[in-house]
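Data file: model.txt. Format and content: compact mmCIF, C-alpha atoms.
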```txt
# COMPACT_ATOMS: atom_id res chain seq x y z
CA MET A 1 160.47 71.39 156.76
CA SER A 2 161.73 67.97 155.71
CA GLY A 3 158.63 66.17 156.93
CA THR A 4 155.73 66.59 159.35
CA GLY A 5 157.29 68.41 162.27
CA VAL A 6 160.80 67.43 161.15
CA PHE A 7 163.42 70.09 160.50
CA LYS A 8 166.66 69.83 158.56
CA VAL A 9 169.23 71.59 160.71
CA LEU A 10 172.92 72.40 160.53
CA GLY A 11 174.45 72.49 164.01
CA PHE A 12 177.73 74.12 165.03
CA MET A 13 180.02 73.76 168.03
CA THR A 14 183.29 75.48 168.93
CA GLY A 15 184.65 74.32 172.27
CA THR A 16 186.81 75.93 174.93
CA SER A 17 189.83 74.00 173.65
CA LEU A 18 189.88 76.42 170.67
CA ASP A 19 190.94 73.55 168.43
CA GLY A 20 188.35 73.92 165.69
CA ILE A 21 184.72 73.89 164.64
CA ASP A 22 182.35 70.92 164.40
CA MET A 23 179.43 71.01 161.96
CA ALA A 24 176.73 68.36 161.64
CA VAL A 25 173.54 67.90 159.66
CA LEU A 26 170.58 66.49 161.57
CA GLU A 27 166.95 65.97 160.62
CA THR A 28 164.86 65.94 163.77
CA ASP A 29 161.59 66.82 165.43
CA GLY A 30 163.46 67.74 168.61
CA GLU A 31 162.16 64.59 170.27
CA GLN A 32 162.79 60.98 169.19
CA ARG A 33 163.20 61.43 165.44
CA LEU A 34 166.93 61.52 164.51
CA THR A 35 168.28 61.17 160.98
CA PHE A 36 171.97 61.89 160.53
CA GLY A 37 173.50 63.72 157.59
CA PRO A 38 177.14 64.59 156.86
CA TRP A 39 179.42 66.21 159.42
CA ALA A 40 182.92 67.64 159.57
CA GLU A 41 185.58 68.92 161.94
CA ARG A 42 187.74 71.80 160.76
CA PRO A 43 190.81 73.13 162.59
CA MET A 44 190.71 76.66 163.91
CA PRO A 45 193.10 79.03 162.06
CA ASP A 46 195.86 80.45 164.25
CA ALA A 47 194.64 84.00 163.63
CA VAL A 48 191.15 83.18 164.94
CA ARG A 49 192.59 81.31 167.93
CA ALA A 50 194.86 84.25 168.81
CA VAL A 51 191.93 86.67 168.95
CA LEU A 52 189.90 84.28 171.09
CA GLN A 53 192.79 83.62 173.47
CA ASP A 54 193.12 87.38 174.01
CA THR A 55 189.36 87.59 174.48
CA VAL A 56 189.37 84.87 177.14
CA LYS A 57 192.09 86.76 179.05
CA ALA A 58 189.98 89.91 178.92
CA ALA A 59 186.87 88.00 180.03
CA LEU A 60 188.61 86.43 183.02
CA SER A 61 189.47 89.89 184.38
CA TRP A 62 186.13 91.54 183.50
CA PRO A 63 184.49 93.01 186.64
CA ARG A 64 180.79 92.41 187.08
CA GLY A 65 178.55 95.38 186.42
CA THR A 66 180.94 97.04 183.95
CA PRO A 67 180.67 97.30 180.15
CA GLU A 68 181.95 94.26 178.28
CA PRO A 69 185.58 94.44 177.11
CA GLU A 70 186.01 96.11 173.71
CA ILE A 71 187.64 92.99 172.28
CA PHE A 72 184.30 91.14 172.59
CA ASN A 73 182.96 92.94 169.52
CA GLU A 74 186.03 92.06 167.47
CA ALA A 75 185.86 88.44 168.62
CA ARG A 76 182.12 88.26 167.92
CA LYS A 77 182.74 89.28 164.31
CA VAL A 78 185.75 86.98 163.93
CA ILE A 79 183.88 83.92 165.28
CA THR A 80 180.76 84.66 163.20
CA ASP A 81 182.80 85.04 160.00
CA TYR A 82 184.70 81.84 160.87
CA HIS A 83 181.39 79.95 161.14
CA PHE A 84 180.24 81.34 157.80
CA THR A 85 183.39 80.50 155.81
CA SER A 86 183.65 77.06 157.46
CA ALA A 87 180.03 76.26 156.65
CA GLN A 88 180.37 77.50 153.06
CA ALA A 89 183.32 75.17 152.46
CA PHE A 90 181.67 72.21 154.20
CA LEU A 91 178.38 72.60 152.34
CA ALA A 92 180.13 73.01 148.99
CA GLU A 93 181.98 69.73 149.58
CA GLN A 94 178.65 68.02 150.29
CA GLY A 95 176.82 69.53 147.33
CA LEU A 96 174.57 71.48 149.69
CA GLY A 97 173.73 75.13 150.26
CA PHE A 98 172.30 77.13 153.14
CA SER A 99 168.93 77.10 151.39
CA ASP A 100 168.72 73.34 151.95
CA PHE A 101 168.16 73.96 155.68
CA ASP A 102 165.18 74.98 157.74
CA LEU A 103 167.26 76.12 160.67
CA LEU A 104 170.81 76.62 161.96
CA GLY A 105 171.75 75.90 165.59
CA VAL A 106 174.90 77.63 166.84
CA HIS A 107 176.47 77.35 170.27
CA GLY A 108 178.93 80.26 169.88
CA GLN A 109 182.31 80.61 171.57
CA THR A 110 182.38 80.42 175.36
CA VAL A 111 184.86 82.94 176.76
CA LEU A 112 183.49 83.10 180.31
CA HIS A 113 181.44 80.83 182.55
CA GLU A 114 180.86 81.61 186.23
CA ARG A 115 178.46 79.36 188.09
CA PRO A 116 175.91 80.94 190.45
CA LYS A 117 176.91 81.10 194.10
CA ALA A 118 175.53 82.42 197.40
CA GLY A 119 172.38 83.76 195.79
CA VAL A 120 174.30 85.53 193.01
CA ILE A 121 173.19 84.68 189.46
CA GLY A 122 176.00 83.27 187.34
CA ARG A 123 177.55 84.79 184.21
CA THR A 124 178.11 83.04 180.93
CA VAL A 125 179.24 84.46 177.59
CA GLN A 126 179.03 82.66 174.25
CA LEU A 127 180.24 85.12 171.65
CA PHE A 128 178.35 85.02 168.36
CA ASP A 129 176.20 87.35 166.26
CA GLY A 130 173.11 85.32 165.45
CA GLN A 131 171.39 88.13 163.54
CA ALA A 132 174.43 88.82 161.36
CA PHE A 133 174.77 85.10 160.65
CA ALA A 134 171.10 84.79 159.68
CA ASP A 135 171.48 87.80 157.38
CA MET A 136 174.62 86.31 155.78
CA ASN A 137 173.00 83.03 154.84
CA GLY A 138 169.27 83.75 154.69
CA VAL A 139 168.31 81.00 157.15
CA LYS A 140 166.75 81.22 160.61
CA VAL A 141 169.41 80.92 163.36
CA VAL A 142 169.05 79.83 166.99
CA SER A 143 171.95 80.75 169.29
CA ASP A 144 172.64 81.97 172.85
CA PHE A 145 171.27 78.78 174.40
CA ARG A 146 172.57 79.27 177.95
CA ALA A 147 171.44 82.80 178.87
CA ALA A 148 167.82 82.03 179.80
CA ASP A 149 168.87 79.20 182.10
CA MET A 150 171.42 81.42 183.88
CA ALA A 151 168.94 84.29 184.21
CA ALA A 152 166.51 81.89 185.92
CA GLY A 153 169.19 80.89 188.44
CA GLY A 154 170.46 77.77 186.68
CA GLU A 155 174.05 76.72 186.06
CA GLY A 156 173.75 77.23 182.30
CA ALA A 157 175.50 73.89 181.77
CA PRO A 158 175.61 71.16 180.81
CA LEU A 159 172.96 71.41 178.09
CA ALA A 160 173.62 68.29 175.97
CA PRO A 161 171.82 65.83 178.34
CA VAL A 162 168.47 66.24 176.60
CA TYR A 163 170.14 65.11 173.35
CA HIS A 164 172.15 62.35 175.05
CA ARG A 165 168.85 60.87 176.24
CA ALA A 166 167.54 60.77 172.66
CA LEU A 167 170.74 59.08 171.45
CA VAL A 168 170.65 56.46 174.19
CA ALA A 169 166.98 55.72 173.47
CA GLN A 170 167.72 55.27 169.77
CA ALA A 171 170.65 52.93 170.59
CA GLY A 172 168.36 50.78 172.73
CA LEU A 173 170.85 50.57 175.61
CA ASP A 174 169.75 49.00 178.88
CA LEU A 175 169.38 51.65 181.56
CA PRO A 176 170.88 53.17 183.62
CA VAL A 177 173.52 54.69 181.33
CA VAL A 178 176.11 57.42 181.83
CA VAL A 179 177.20 59.48 178.81
CA VAL A 180 180.52 61.27 179.30
CA ASN A 181 181.58 64.27 177.26
CA LEU A 182 185.34 64.81 177.40
CA GLY A 183 185.86 68.32 176.08
CA GLY A 184 187.84 71.13 177.70
CA VAL A 185 185.69 70.34 180.75
CA ALA A 186 184.20 66.89 181.39
CA ASN A 187 180.52 66.43 182.05
CA ILE A 188 178.21 63.49 182.53
CA THR A 189 174.60 62.76 181.71
CA ILE A 190 172.93 60.11 183.86
CA ILE A 191 169.88 58.42 182.33
CA ASP A 192 168.29 56.39 185.12
CA GLU A 193 166.13 53.27 184.87
CA ALA A 194 163.02 55.42 184.40
CA GLY A 195 164.66 57.37 181.55
CA ASP A 196 164.95 60.55 183.62
CA ILE A 197 168.10 62.67 183.20
CA SER A 198 170.48 64.36 185.60
CA ALA A 199 173.86 65.90 184.89
CA MET A 200 176.92 67.74 186.13
CA ASP A 201 180.32 68.97 185.09
CA THR A 202 182.81 66.61 186.70
CA GLY A 203 186.11 68.50 186.38
CA PRO A 204 188.73 69.23 183.73
CA ALA A 205 188.94 66.87 180.77
CA ASN A 206 191.32 67.96 178.02
CA GLY A 207 191.65 71.59 179.14
CA LEU A 208 194.49 71.36 181.66
CA MET A 209 196.35 68.68 179.71
CA ASP A 210 196.20 70.77 176.55
CA GLN A 211 197.46 73.84 178.43
CA TRP A 212 200.37 71.80 179.83
CA VAL A 213 201.39 70.59 176.37
CA GLN A 214 201.15 74.12 174.95
CA LYS A 215 203.09 75.59 177.87
CA HIS A 216 205.96 73.22 177.08
CA GLY A 217 205.93 74.05 173.37
CA ARG A 218 205.01 70.50 172.35
CA GLY A 219 202.03 71.33 170.14
CA HIS A 220 198.36 71.72 171.06
CA TYR A 221 197.57 68.38 172.79
CA ASP A 222 198.87 64.95 173.78
CA ALA A 223 197.73 62.81 170.83
CA GLY A 224 196.50 59.45 172.10
CA GLY A 225 197.85 60.17 175.58
CA VAL A 226 201.27 58.92 174.47
CA TRP A 227 203.24 61.35 176.64
CA ALA A 228 200.98 60.85 179.68
CA ALA A 229 201.58 57.10 179.40
CA LEU A 230 205.33 57.72 179.75
CA GLY A 231 204.89 59.61 183.03
CA THR A 232 204.06 58.71 186.62
CA ALA A 233 201.12 60.39 188.33
CA ASP A 234 201.73 62.01 191.72
CA PRO A 235 198.87 60.80 193.98
CA ALA A 236 199.38 63.59 196.52
CA LEU A 237 198.99 66.26 193.84
CA VAL A 238 195.89 64.53 192.47
CA ALA A 239 194.45 64.48 196.00
CA ALA A 240 195.27 68.18 196.40
CA TYR A 241 193.33 69.01 193.23
CA LEU A 242 190.40 66.88 194.43
CA SER A 243 190.31 68.73 197.77
CA HIS A 244 188.81 71.74 195.95
CA PRO A 245 185.32 72.48 197.37
CA TYR A 246 183.75 71.98 193.94
CA PHE A 247 184.09 68.22 194.28
CA SER A 248 182.12 68.03 197.52
CA ALA A 249 179.37 70.36 196.24
CA SER A 250 176.10 68.70 195.33
CA ALA A 251 174.91 68.40 191.74
CA PRO A 252 173.86 69.90 189.41
CA LYS A 253 177.00 71.99 189.09
CA SER A 254 179.12 73.52 186.34
CA LEU A 255 182.66 74.67 185.67
CA ASP A 256 184.61 77.07 183.53
CA ARG A 257 187.63 75.61 181.78
CA TYR A 258 189.80 78.05 183.75
CA ASP A 259 188.48 77.24 187.24
CA PHE A 260 191.54 75.02 187.72
CA THR A 261 195.13 75.93 186.86
CA LEU A 262 198.48 74.26 186.25
CA ALA A 263 199.88 75.59 189.54
CA GLY A 264 199.39 72.19 191.17
CA VAL A 265 201.82 70.44 188.81
CA ASP A 266 204.28 73.26 188.14
CA GLY A 267 207.21 71.46 189.73
CA LEU A 268 206.84 68.26 187.72
CA GLY A 269 208.55 67.14 184.54
CA PHE A 270 206.63 67.14 181.27
CA GLU A 271 205.45 63.49 181.21
CA ASP A 272 204.81 63.28 184.96
CA GLY A 273 202.78 66.48 184.82
CA LEU A 274 200.61 65.07 182.03
CA ALA A 275 200.15 61.76 183.85
CA THR A 276 199.09 63.62 187.01
CA LEU A 277 196.62 65.84 185.16
CA CYS A 278 195.23 62.80 183.34
CA GLU A 279 194.73 61.02 186.68
CA PHE A 280 192.97 64.13 188.02
CA THR A 281 190.57 63.99 185.07
CA LEU A 282 189.98 60.28 185.68
CA GLU A 283 189.45 60.48 189.45
CA SER A 284 187.14 63.51 189.25
CA LEU A 285 185.05 61.68 186.65
CA LEU A 286 184.79 58.54 188.78
CA LEU A 287 183.91 60.64 191.83
CA ALA A 288 181.02 62.25 189.95
CA ILE A 289 179.67 58.88 188.80
CA ARG A 290 179.75 57.66 192.41
CA MET A 291 178.05 60.88 193.58
CA SER A 292 175.22 60.28 191.11
CA GLY A 293 174.16 57.23 193.14
CA VAL A 294 173.60 55.26 189.93
CA ALA A 295 175.37 52.01 189.07
CA PRO A 296 175.45 52.33 185.27
CA LYS A 297 175.18 49.28 183.03
CA ALA A 298 177.07 51.24 180.38
CA VAL A 299 179.35 54.27 180.19
CA VAL A 300 179.64 55.94 176.76
CA LEU A 301 182.56 58.26 175.97
CA ALA A 302 182.14 61.21 173.60
CA GLY A 303 184.15 64.37 172.93
CA GLY A 304 187.79 64.78 171.94
CA GLY A 305 189.08 63.03 175.07
CA ARG A 306 187.73 59.70 173.83
CA GLN A 307 190.76 59.68 171.49
CA ASN A 308 193.15 59.70 174.46
CA ALA A 309 193.79 55.95 174.56
CA TYR A 310 195.76 56.21 177.80
CA LEU A 311 192.86 57.94 179.59
CA VAL A 312 190.33 55.47 178.14
CA ASN A 313 192.39 52.47 179.25
CA ARG A 314 192.85 53.91 182.75
CA LEU A 315 189.08 54.38 182.97
CA ARG A 316 188.47 50.83 181.79
CA THR A 317 190.63 49.43 184.60
CA LYS A 318 188.83 51.54 187.22
CA LEU A 319 185.19 50.89 186.28
CA ASP A 320 183.10 48.17 187.87
CA LEU A 321 183.54 44.99 185.81
CA ARG A 322 179.75 44.87 185.31
CA THR A 323 179.84 48.24 183.53
CA GLN A 324 180.32 48.13 179.76
CA LEU A 325 182.55 50.93 178.43
CA TYR A 326 181.78 52.15 174.92
CA LEU A 327 183.40 54.73 172.71
CA SER A 328 180.64 56.64 170.95
CA GLU A 329 181.65 55.08 167.61
CA ASP A 330 180.98 51.61 169.04
CA LEU A 331 177.29 52.55 169.03
CA GLY A 332 177.37 54.13 165.58
CA TRP A 333 177.44 57.65 167.02
CA ARG A 334 179.72 60.28 165.45
CA GLY A 335 181.86 61.10 168.48
CA GLY A 336 183.24 64.33 167.05
CA ALA A 337 179.81 65.53 165.96
CA ILE A 338 177.67 64.92 169.05
CA GLU A 339 177.81 68.46 170.45
CA ALA A 340 177.12 70.04 167.06
CA GLU A 341 174.20 67.62 166.65
CA ALA A 342 173.03 68.51 170.17
CA PHE A 343 172.73 72.20 169.31
CA ALA A 344 170.93 71.34 166.07
CA TYR A 345 168.51 69.26 168.16
CA MET A 346 168.10 71.99 170.78
CA ALA A 347 167.49 74.59 168.07
CA VAL A 348 164.38 72.66 167.07
CA ARG A 349 163.32 72.34 170.70
CA ALA A 350 163.78 76.10 171.10
CA LEU A 351 161.62 76.74 168.05
CA ARG A 352 158.96 74.42 169.49
CA SER A 353 159.30 75.90 173.03
CA LEU A 354 160.33 72.51 174.42
CA PRO A 355 162.64 72.38 177.46
CA ILE A 356 166.40 72.12 177.00
CA SER A 357 167.35 72.33 180.68
CA TYR A 358 165.86 70.82 183.82
CA PRO A 359 166.16 71.11 187.60
CA THR A 360 168.26 67.92 187.59
CA THR A 361 170.63 69.01 184.80
CA THR A 362 171.31 72.69 185.51
CA GLY A 363 169.44 73.40 188.76
CA VAL A 364 166.96 75.70 187.02
CA PRO A 365 163.71 75.92 189.06
CA GLN A 366 161.55 74.24 186.41
CA PRO A 367 162.06 72.76 182.93
CA LEU A 368 163.00 75.63 180.66
CA THR A 369 163.47 76.23 176.97
CA GLY A 370 166.23 78.54 175.75
CA GLY A 371 167.96 79.99 172.73
CA ARG A 372 167.47 83.21 170.81
CA VAL A 373 165.80 82.93 167.40
CA ASN A 374 167.12 85.24 164.69
CA ILE A 375 165.09 85.73 161.51
CA PRO A 376 166.98 86.85 158.38
CA SER A 377 166.35 90.50 157.55
CA ALA A 378 164.40 91.16 154.37
CA ARG A 379 166.77 91.62 151.43
```
Re-express the file's structure as structure tokens.
Amino acid sequence: MSGTGVFKVLGFMTGTSLDGIDMAVLETDGEQRLTFGPWAERPMPDAVRAVLQDTVKAALSWPRGTPEPEIFNEARKVITDYHFTSAQAFLAEQGLGFSDFDLLGVHGQTVLHERPKAGVIGRTVQLFDGQAFADMNGVKVVSDFRAADMAAGGEGAPLAPVYHRALVAQAGLDLPVVVVNLGGVANITIIDEAGDISAMDTGPANGLMDQWVQKHGRGHYDAGGVWAALGTADPALVAAYLSHPYFSASAPKSLDRYDFTLAGVDGLGFEDGLATLCEFTLESLLLAIRMSGVAPKAVVLAGGGRQNAYLVNRLRTKLDLRTQLYLSEDLGWRGGAIEAEAFAYMAVRALRSLPISYPTTTGVPQPLTGGRVNIPSAR
């Protein structure tokens, strides 16, 4: 360990956008101690993405109570190898090796997320082979963070709120604060005046917009929101999306990236479709903040969507004038690294049997730790 109760951890995150891998070094006690090391984002190779896209298709049509699709094993190996080669290159660039770390925290690749409903426990799948990864690099690995929460009746998401609270405390922001993660799905962490946390997924963030761009053969995403800014949103179609029962359901609540589709905008032109999907993201986010019952003094944007200047500017015009809007970088946070840092932080909490989810963040009955610890096999 790097100090009394402090662990040096390498955290990993691969999101549902399948755009790449984030890696971040964090020294932490899993509580208030945070010291930041180097981090990196690396694009996902097309061959890896293709396997994962096929795996997601198989997962979406996987009946409950049947053996997992065969492609899961192939994808598990592909994603584990991808983490290993990415980490090797990153560490070599930084003059580091796996042996410099006490612990590795790995989210794995989500290919399925079904929230619990009507007394039925949800399903979530983050593909990764924690034991193989520990054996490859000789370091203890914590992965599979969501399974315990789901098994106990929780939503399994979002999990980053416990880390968001630590970041906000370190930044010294006046409470209440809302931290927004704009990934494939958007989620918010509310830190109230007492420092207590609650959370929910709010709706799509980049997921639908990215799918729209890809469907039209224009690349992987709308860089900076440039194309959305050229379009005109259709308010009736936005309202139709928002009529989905998810938005009237009480929090905590979670989504899969594929719970919403492009069917609602199929008749629109390219730019108008993007503008409409962007407005859907915006309005669902604002609705969730209103549902929280908190009037935040600050809203902090993290995740890839913070780089969509059009979305950020639309949000700025819609927020209460008394609410300060920050990009994560404005506070010295590494916006692209926050989720990787979060799983490094939660890996330490898992090792220390500290909670990572709460009744107010995932709906689990009581505060619960999570994560599976894999010890390297003797060589």
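These residues, each with an atom at most 9 Å from (190.6, 70.9, 160.5) using only C-alpha atoms, are Asp19, Gly20, Ile21, Ala40, Glu41, Arg42, Pro43, Met44 and Pro45 of chain A.
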If we count all atoms listed in the file and set the cut-off at 12 Å, which residues sit around Lys318 in chain A, ignoring sequence neighbours fewer than 6 positions away in its own chain? Please answer as an mmCIF file with C-alpha atoms, in the frame of the given file.
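After the write, part.cif holds the following:
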```
data_model
loop_
_atom_site.group_PDB
_atom_site.id
_atom_site.type_symbol
_atom_site.label_atom_id
_atom_site.label_comp_id
_atom_site.auth_asym_id
_atom_site.auth_seq_id
_atom_site.Cartn_x
_atom_site.Cartn_y
_atom_site.Cartn_z
ATOM 1 C CA GLU A 279 194.730 61.020 186.680
ATOM 2 C CA LEU A 282 189.980 60.280 185.680
ATOM 3 C CA GLU A 283 189.450 60.480 189.450
ATOM 4 C CA LEU A 285 185.050 61.680 186.650
ATOM 5 C CA LEU A 286 184.790 58.540 188.780
ATOM 6 C CA LEU A 287 183.910 60.640 191.830
ATOM 7 C CA ILE A 289 179.670 58.880 188.800
ATOM 8 C CA LEU A 311 192.860 57.940 179.590
ATOM 9 C CA VAL A 312 190.330 55.470 178.140
ATOM 10 C CA GLN A 324 180.320 48.130 179.760
ATOM 11 C CA LEU A 325 182.550 50.930 178.430
#
```
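Rounded to one decimal, CA of Pro38 in chain A and CA of Thr14 in chain A lie 17.4 Å from each other.
Residues within 6 Å of range 165-179 of chain A, counting only C-alpha atoms and excluding same-chain residues fewer than 6 positions away, are Gln32, Ile188, Thr189, Ile190, Ile191, Asp192, Glu193, Pro296, Lys297, Ala298, Val299 and Val300 of chain A.
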Could you list, as a ChimeraX atom specification, every residue within 12 Å of Ala47 in chain A, counting only C-alpha atoms and ignoring same-chain residues fewer than 5 positions away? /A:18,52-54,75,78-79,82
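Every protein, DNA or RNA residue with an atom at most 10 Å from His244 in chain A, where only C-alpha atoms count and chain neighbours fewer than 5 positions away do not, is listed here: Ala239, Ala249 and Phe260 of chain A.
Interatomic distance, CA of Asp256 in chain A against CA of His113 in chain A: 5.0 Å.
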Got a sec: who's within 12 Å of Ala134 in chain A, counting all atoms listed in the file, leaving out chain neighbours fewer than 2 positions off, as number ranges by chain? A: 80-81, 83-84, 98-99, 101-106, 128-132, 136-143, 372-379
For range 228-246 of chain A, I'd like the enclosing box, axis-aligned and padded by 5 Å on every side, reported as lines of an AutoDock Vina configuration file with centre and edge lengths in Å to one decimal.
```
center_x = 194.5
center_y = 64.8
center_z = 188.6
size_x = 31.6
size_y = 25.4
size_z = 28.4
```
A:Ala199, A:Ile356, A:Met23, A:Leu255: which is nearest Pro116 in chain A, counting all atoms listed in the file? A:Leu255
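For the choices A:Gln88, A:Thr16, A:Thr323, A:Ser61, the atom-to-atom distance to Gln126 in chain A is smallest for A:Thr16 when using all atoms listed in the file.
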Is it possible to get the residues within 7 Å of (174.8, 70.1, 189.9) (coordinates as in the file, counting only C-alpha atoms) written as a ChimeraX atom specification? /A:199-200,250-254,361-363
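Minimum atom-to-atom distance to Gln366 in chain A, evaluated using only C-alpha atoms, belongs to A:Ala152 out of A:Leu34, A:Val120, A:Ala302, A:Ala152.
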What does the structure give for the distance between CA of Gly65 in chain A and CA of Leu159 in chain A, in Å to one decimal? 26.0 Å
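Each of A:Thr110, A:Asn308, A:Thr276, A:Thr281 was checked against Asn187 in chain A using all atoms listed in the file; the smallest atom-to-atom distance is that of A:Thr281.
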Please reconstruct the missing atoms of range 103-127 of chain A (target: N, CA and C atoms) and return them as a compact mmCIF listing (two decimals), keeping the file's coordinate frame.
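And here's result.txt as it stands now:
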```
# COMPACT_ATOMS: atom_id res chain seq x y z
N LEU A 103 166.84 75.51 159.41
CA LEU A 103 167.26 76.12 160.67
C LEU A 103 168.75 75.87 160.87
N LEU A 104 169.42 76.79 161.56
CA LEU A 104 170.81 76.62 161.96
C LEU A 104 170.88 76.75 163.48
N GLY A 105 171.59 75.85 164.14
CA GLY A 105 171.75 75.90 165.59
C GLY A 105 173.20 76.12 165.94
N VAL A 106 173.51 77.23 166.61
CA VAL A 106 174.90 77.63 166.84
C VAL A 106 175.16 77.86 168.32
N HIS A 107 176.14 77.16 168.86
CA HIS A 107 176.47 77.35 170.27
C HIS A 107 177.17 78.68 170.52
N GLY A 108 178.10 79.08 169.64
CA GLY A 108 178.93 80.26 169.88
C GLY A 108 180.15 79.90 170.71
N GLN A 109 181.04 80.87 170.90
CA GLN A 109 182.31 80.61 171.57
C GLN A 109 182.26 81.05 173.03
N THR A 110 182.34 80.09 173.94
CA THR A 110 182.38 80.42 175.36
C THR A 110 183.72 81.08 175.71
N VAL A 111 183.65 82.28 176.28
CA VAL A 111 184.86 82.94 176.76
C VAL A 111 184.81 83.17 178.26
N LEU A 112 183.63 82.93 178.86
CA LEU A 112 183.49 83.10 180.31
C LEU A 112 182.33 82.26 180.80
N HIS A 113 182.54 81.55 181.92
CA HIS A 113 181.44 80.83 182.55
C HIS A 113 181.66 80.85 184.06
N GLU A 114 180.79 81.54 184.77
CA GLU A 114 180.86 81.61 186.23
C GLU A 114 179.56 81.05 186.79
N ARG A 115 179.67 79.97 187.54
CA ARG A 115 178.46 79.36 188.09
C ARG A 115 177.86 80.26 189.18
N PRO A 116 176.53 80.15 189.38
CA PRO A 116 175.91 80.94 190.45
C PRO A 116 176.43 80.51 191.81
N LYS A 117 176.47 81.45 192.75
CA LYS A 117 176.91 81.10 194.10
C LYS A 117 176.30 82.09 195.10
N ALA A 118 176.01 81.59 196.29
CA ALA A 118 175.53 82.42 197.40
C ALA A 118 174.45 83.41 196.97
N GLY A 119 173.49 82.90 196.20
CA GLY A 119 172.38 83.76 195.79
C GLY A 119 172.69 84.72 194.66
N VAL A 120 173.91 84.66 194.12
CA VAL A 120 174.30 85.53 193.01
C VAL A 120 174.14 84.76 191.70
N ILE A 121 173.39 85.33 190.77
CA ILE A 121 173.19 84.68 189.46
C ILE A 121 174.53 84.58 188.74
N GLY A 122 174.75 83.49 188.04
CA GLY A 122 176.00 83.27 187.34
C GLY A 122 176.12 84.14 186.09
N ARG A 123 177.30 84.08 185.48
CA ARG A 123 177.55 84.79 184.21
C ARG A 123 178.07 83.78 183.20
N THR A 124 177.57 83.87 182.00
CA THR A 124 178.11 83.04 180.93
C THR A 124 178.10 83.85 179.64
N VAL A 125 179.13 83.70 178.84
CA VAL A 125 179.24 84.46 177.59
C VAL A 125 179.63 83.51 176.46
N GLN A 126 178.71 83.38 175.48
CA GLN A 126 179.03 82.66 174.25
C GLN A 126 178.99 83.68 173.12
N LEU A 127 180.16 84.06 172.65
CA LEU A 127 180.24 85.12 171.65
C LEU A 127 179.79 84.61 170.28
```
